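A short write-up of the structure that comes next.
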Amino acid sequence: MGVSQQAIADSLGLSRTTVTKILNRDPKYSASEATRELVFRTAEKMGYDFTTIRRPFKREYGRTEVNAPCQIEVVLEAGEVFDKGEAIARNIGVGGALLGNVNLNRGVLPLRNFILRIRFPALPALANLVGECQVVRLADSTEAGNPELGVKFINASVSDRKALKDFVDQQAATKDAAARAGTGSLGGAGGSYTQR
C-alpha cells in the first residue's frame, strides 16, 4: 500500500487537510512557499504516488521550446559522476525538460540508480540553475539512434522553481508579442520559443 496523505501530514505535524490542499494545488488555499516545498519534498521522499492527486503534474505553467545546448552529468547514488556530456534541451518547464541529441562520453546510462545534473549556460536567465533530474521517459526521436530523455526536476528549491516559472512566462509573453506583431518567429539566444 502506498504512502497516504495522512502519513505525510503526521510526519510533518500538519493537518491532513493542509497536506491534501497543497498536494492538490488548490488555488484557493494559502500556504507559504516554504510549507509547500516541504510538503512536496517530504511526499517525494516518502514515496507518495503523485498520480493519485486531483491535479497531477500536468503542465501547469506550460513548456517552452528552447532548443538550447545544455551540459549534463550522470551522477550515481553515492555522488560519483558516472559520465558527462551534452544535450539539446528541446523544451523546459517548471516540472522538467525534454532532452535530445544526448551525447555522453561513455555513450550509455548506468543500470544502477542515478540522477542527471543539467546546466543551461546558453540561457542567461537559467545560467545559475543546476537542475537535478530523474529520467521519467525514454523515447525515440525522429532521428534513428538518437533517443530523447524526458526528465523531471527533483530537489528544486523555491528560487529554482521561480526562475523556471519566470523563464517560461517571459518566453510565452515574447511569443505572444511576436504573434501580435505578426512576425510569428522569435529566434534569439537559444533558438525559437513556443509555449505548449
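Ligands are numbered from 1 in the order shown, chains are lettered A, B, ... in the order of the C-alpha cells, and residues start at 1 in each chain.
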Contact table region 91-138 of chain A vs region 72-78 of chain A, cut-off 9 Å, shortest pair per residue, only C-alpha atoms, as a tab-separated table:
residue	atom	partner	partner_atom	distance
A:Val102	CA	A:Ile72	CA	8.7
A:Leu104	CA	A:Ile72	CA	8.2
A:Leu109	CA	A:Val74	CA	7.6
A:Pro110	CA	A:Leu76	CA	8.2
A:Arg112	CA	A:Leu76	CA	7.2
A:Asn113	CA	A:Glu77	CA	6.2
A:Phe114	CA	A:Leu76	CA	4.4
A:Ile115	CA	A:Val75	CA	5.3
A:Leu116	CA	A:Val74	CA	4.8
A:Arg117	CA	A:Glu73	CA	5.1
A:Ile118	CA	A:Ile72	CA	4.6
A:Arg119	CA	A:Ile72	CA	6.6
Saved selection, atoms kept: N, CA and C atoms, as a compact mmCIF listing (two decimals), in the first residue's frame:
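Generated output (part_39.txt):
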# COMPACT_ATOMS: atom_id res chain seq x y z
N VAL A 102 21.41 13.64 -27.04
CA VAL A 102 22.20 13.34 -25.85
C VAL A 102 23.52 12.71 -26.29
N LEU A 104 26.88 11.47 -24.49
CA LEU A 104 27.67 11.18 -23.30
C LEU A 104 29.01 10.58 -23.73
N LEU A 109 23.86 4.79 -20.25
CA LEU A 109 23.37 5.17 -18.93
C LEU A 109 23.60 3.99 -18.01
N PRO A 110 23.86 4.22 -16.73
CA PRO A 110 24.14 3.11 -15.81
C PRO A 110 22.88 2.31 -15.50
N ARG A 112 22.51 1.13 -12.51
CA ARG A 112 22.25 1.50 -11.10
C ARG A 112 21.43 2.78 -11.05
N ASN A 113 20.88 3.08 -9.87
CA ASN A 113 20.13 4.33 -9.69
C ASN A 113 21.05 5.52 -9.94
N PHE A 114 20.51 6.52 -10.61
CA PHE A 114 21.28 7.72 -10.92
C PHE A 114 20.34 8.91 -11.08
N ILE A 115 20.95 10.08 -11.05
CA ILE A 115 20.24 11.31 -11.39
C ILE A 115 21.05 12.00 -12.48
N LEU A 116 20.43 12.95 -13.13
CA LEU A 116 21.14 13.81 -14.07
C LEU A 116 21.25 15.19 -13.45
N ARG A 117 22.39 15.82 -13.64
CA ARG A 117 22.55 17.24 -13.30
C ARG A 117 22.64 17.98 -14.62
N ILE A 118 21.80 18.98 -14.76
CA ILE A 118 21.75 19.72 -16.02
C ILE A 118 22.05 21.20 -15.76
N ARG A 119 22.87 21.75 -16.62
CA ARG A 119 23.17 23.18 -16.58
C ARG A 119 22.82 23.78 -17.94
So that I can see what lies close to Ala43 (chain A), please list as a PDB file with N, CA and C atoms, in the first residue's frame the residues with an atom at most 9 Å from it, counting only C-alpha atoms and leaving out residues fewer than 6 positions away in the same chain.
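Heads up, here's the output in result.pdb:
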ATOM      1  N   VAL A   3       1.957   5.415   0.287  1.00  0.00           N
ATOM      2  CA  VAL A   3       2.009   6.399   1.368  1.00  0.00           C
ATOM      3  C   VAL A   3       0.753   7.264   1.293  1.00  0.00           C
ATOM      4  N   GLN A   5      -1.749  10.576   2.420  1.00  0.00           N
ATOM      5  CA  GLN A   5      -1.608  11.986   2.755  1.00  0.00           C
ATOM      6  C   GLN A   5      -1.599  12.168   4.267  1.00  0.00           C
ATOM      7  N   ILE A   8       1.917  11.608   5.511  1.00  0.00           N
ATOM      8  CA  ILE A   8       2.747  12.792   5.237  1.00  0.00           C
ATOM      9  C   ILE A   8       2.435  13.874   6.268  1.00  0.00           C
ATOM     10  N   LEU A  23      -0.977  19.346  -1.938  1.00  0.00           N
ATOM     11  CA  LEU A  23      -0.688  18.356  -2.981  1.00  0.00           C
ATOM     12  C   LEU A  23      -1.632  18.483  -4.169  1.00  0.00           C
ATOM     13  N   ASP A  49       2.592   8.449  -4.209  1.00  0.00           N
ATOM     14  CA  ASP A  49       2.176   8.261  -5.596  1.00  0.00           C
ATOM     15  C   ASP A  49       1.431   9.509  -6.057  1.00  0.00           C
ATOM     16  N   PHE A  50       2.109  10.373  -6.797  1.00  0.00           N
ATOM     17  CA  PHE A  50       1.526  11.644  -7.216  1.00  0.00           C
ATOM     18  C   PHE A  50       0.421  11.485  -8.252  1.00  0.00           C
TER      19      PHE A  50
END
_So that I can check the secondary structure, give me every residue of region 74-114 of chain A assigned strand (DSSP E) by backbone DSSP, as a PyMOL selection string._
chain A and resi 74-76+81-93+96-104+114
Same residues, N, CA and C atoms, saved as a short mmCIF file (atom, residue, chain, number, x, y, z; two decimals), in the first residue's frame:
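Wrote part.cif, looks like this:
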data_model
loop_
_atom_site.label_atom_id
_atom_site.label_comp_id
_atom_site.auth_asym_id
_atom_site.auth_seq_id
_atom_site.Cartn_x
_atom_site.Cartn_y
_atom_site.Cartn_z
N VAL A 74 25.89 12.50 -15.34
CA VAL A 74 25.17 11.34 -14.81
C VAL A 74 25.82 11.04 -13.47
N VAL A 75 25.03 11.15 -12.39
CA VAL A 75 25.56 11.03 -11.03
C VAL A 75 24.92 9.83 -10.34
N LEU A 76 25.76 8.94 -9.82
CA LEU A 76 25.28 7.76 -9.11
C LEU A 76 24.85 8.13 -7.69
N VAL A 81 30.36 10.86 -10.14
CA VAL A 81 29.99 11.23 -11.50
C VAL A 81 30.34 10.05 -12.41
N PHE A 82 29.32 9.44 -12.99
CA PHE A 82 29.48 8.29 -13.87
C PHE A 82 29.90 8.71 -15.27
N ASP A 83 29.35 9.82 -15.74
CA ASP A 83 29.63 10.28 -17.09
C ASP A 83 29.25 11.76 -17.23
N LYS A 84 29.79 12.39 -18.25
CA LYS A 84 29.47 13.78 -18.57
C LYS A 84 29.22 13.87 -20.06
N GLY A 85 28.49 14.92 -20.43
CA GLY A 85 28.25 15.13 -21.85
C GLY A 85 27.41 16.35 -22.11
N GLU A 86 26.80 16.35 -23.28
CA GLU A 86 25.99 17.47 -23.72
C GLU A 86 24.68 16.95 -24.27
N ALA A 87 23.72 17.84 -24.37
CA ALA A 87 22.43 17.52 -24.98
C ALA A 87 21.82 18.82 -25.47
N ILE A 88 20.70 18.69 -26.13
CA ILE A 88 19.91 19.85 -26.52
C ILE A 88 18.62 19.81 -25.71
N ALA A 89 18.38 20.84 -24.93
CA ALA A 89 17.11 20.95 -24.20
C ALA A 89 16.08 21.41 -25.22
N ARG A 90 15.23 20.48 -25.64
CA ARG A 90 14.22 20.82 -26.65
C ARG A 90 13.15 21.73 -26.04
N ASN A 91 12.73 21.40 -24.81
CA ASN A 91 11.79 22.28 -24.12
C ASN A 91 12.05 22.20 -22.63
N ILE A 92 11.59 23.23 -21.92
CA ILE A 92 11.79 23.33 -20.47
C ILE A 92 10.49 23.82 -19.86
N GLY A 93 10.16 23.27 -18.70
CA GLY A 93 9.04 23.73 -17.91
C GLY A 93 9.42 23.71 -16.44
N GLY A 96 10.12 19.99 -15.52
CA GLY A 96 11.15 19.17 -16.15
C GLY A 96 11.53 19.68 -17.51
N ALA A 97 12.13 18.79 -18.30
CA ALA A 97 12.62 19.17 -19.62
C ALA A 97 12.63 17.94 -20.53
N LEU A 98 12.73 18.20 -21.81
CA LEU A 98 12.91 17.14 -22.79
C LEU A 98 14.28 17.34 -23.42
N LEU A 99 15.13 16.33 -23.30
CA LEU A 99 16.50 16.41 -23.80
C LEU A 99 16.66 15.55 -25.04
N GLY A 100 17.22 16.10 -26.08
CA GLY A 100 17.52 15.35 -27.30
C GLY A 100 19.00 15.50 -27.61
N ASN A 101 19.44 14.81 -28.66
CA ASN A 101 20.85 14.85 -29.07
C ASN A 101 21.78 14.60 -27.88
N VAL A 102 21.41 13.64 -27.04
CA VAL A 102 22.20 13.34 -25.85
C VAL A 102 23.52 12.71 -26.29
N ASN A 103 24.61 13.31 -25.88
CA ASN A 103 25.94 12.84 -26.26
C ASN A 103 26.78 12.70 -24.99
N LEU A 104 26.88 11.47 -24.49
CA LEU A 104 27.67 11.18 -23.30
C LEU A 104 29.01 10.58 -23.73
N PHE A 114 20.51 6.52 -10.61
CA PHE A 114 21.28 7.72 -10.92
C PHE A 114 20.34 8.91 -11.08
#
*One decimal, Å: what's the distance from CA of Ala7 (chain A) over to CA of Val158 (chain A), could you say?*
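That distance, rounded to one decimal, is 23.6 Å.
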*Have a look at CA of Ser32 (chain A) and CA of Ile154 (chain A) and let me know their distance in Å, one decimal.*
19.4 Å
*In Å to one decimal, how far is CA of Phe120 (chain A) from CA of Arg41 (chain A)?*
23.6 Å
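The nearest approach to Gly13 (chain A) among the residues A:Cys70, A:Leu123, A:Leu38, A:Val135, with only C-alpha atoms taken into account, belongs to A:Leu38.
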*Counting only C-alpha atoms, what is within 10 Å of Leu12 (chain A), bar same-chain residues fewer than 5 positions away, as number ranges by chain?*
A: 6-7, 19, 35, 38-39, 42
_Just checking: using only C-alpha atoms, which residue out of A:Asp10, A:Asp166, A:Asp176, A:Asp160 ends up closest to Met46 (chain A)?_
A:Asp10
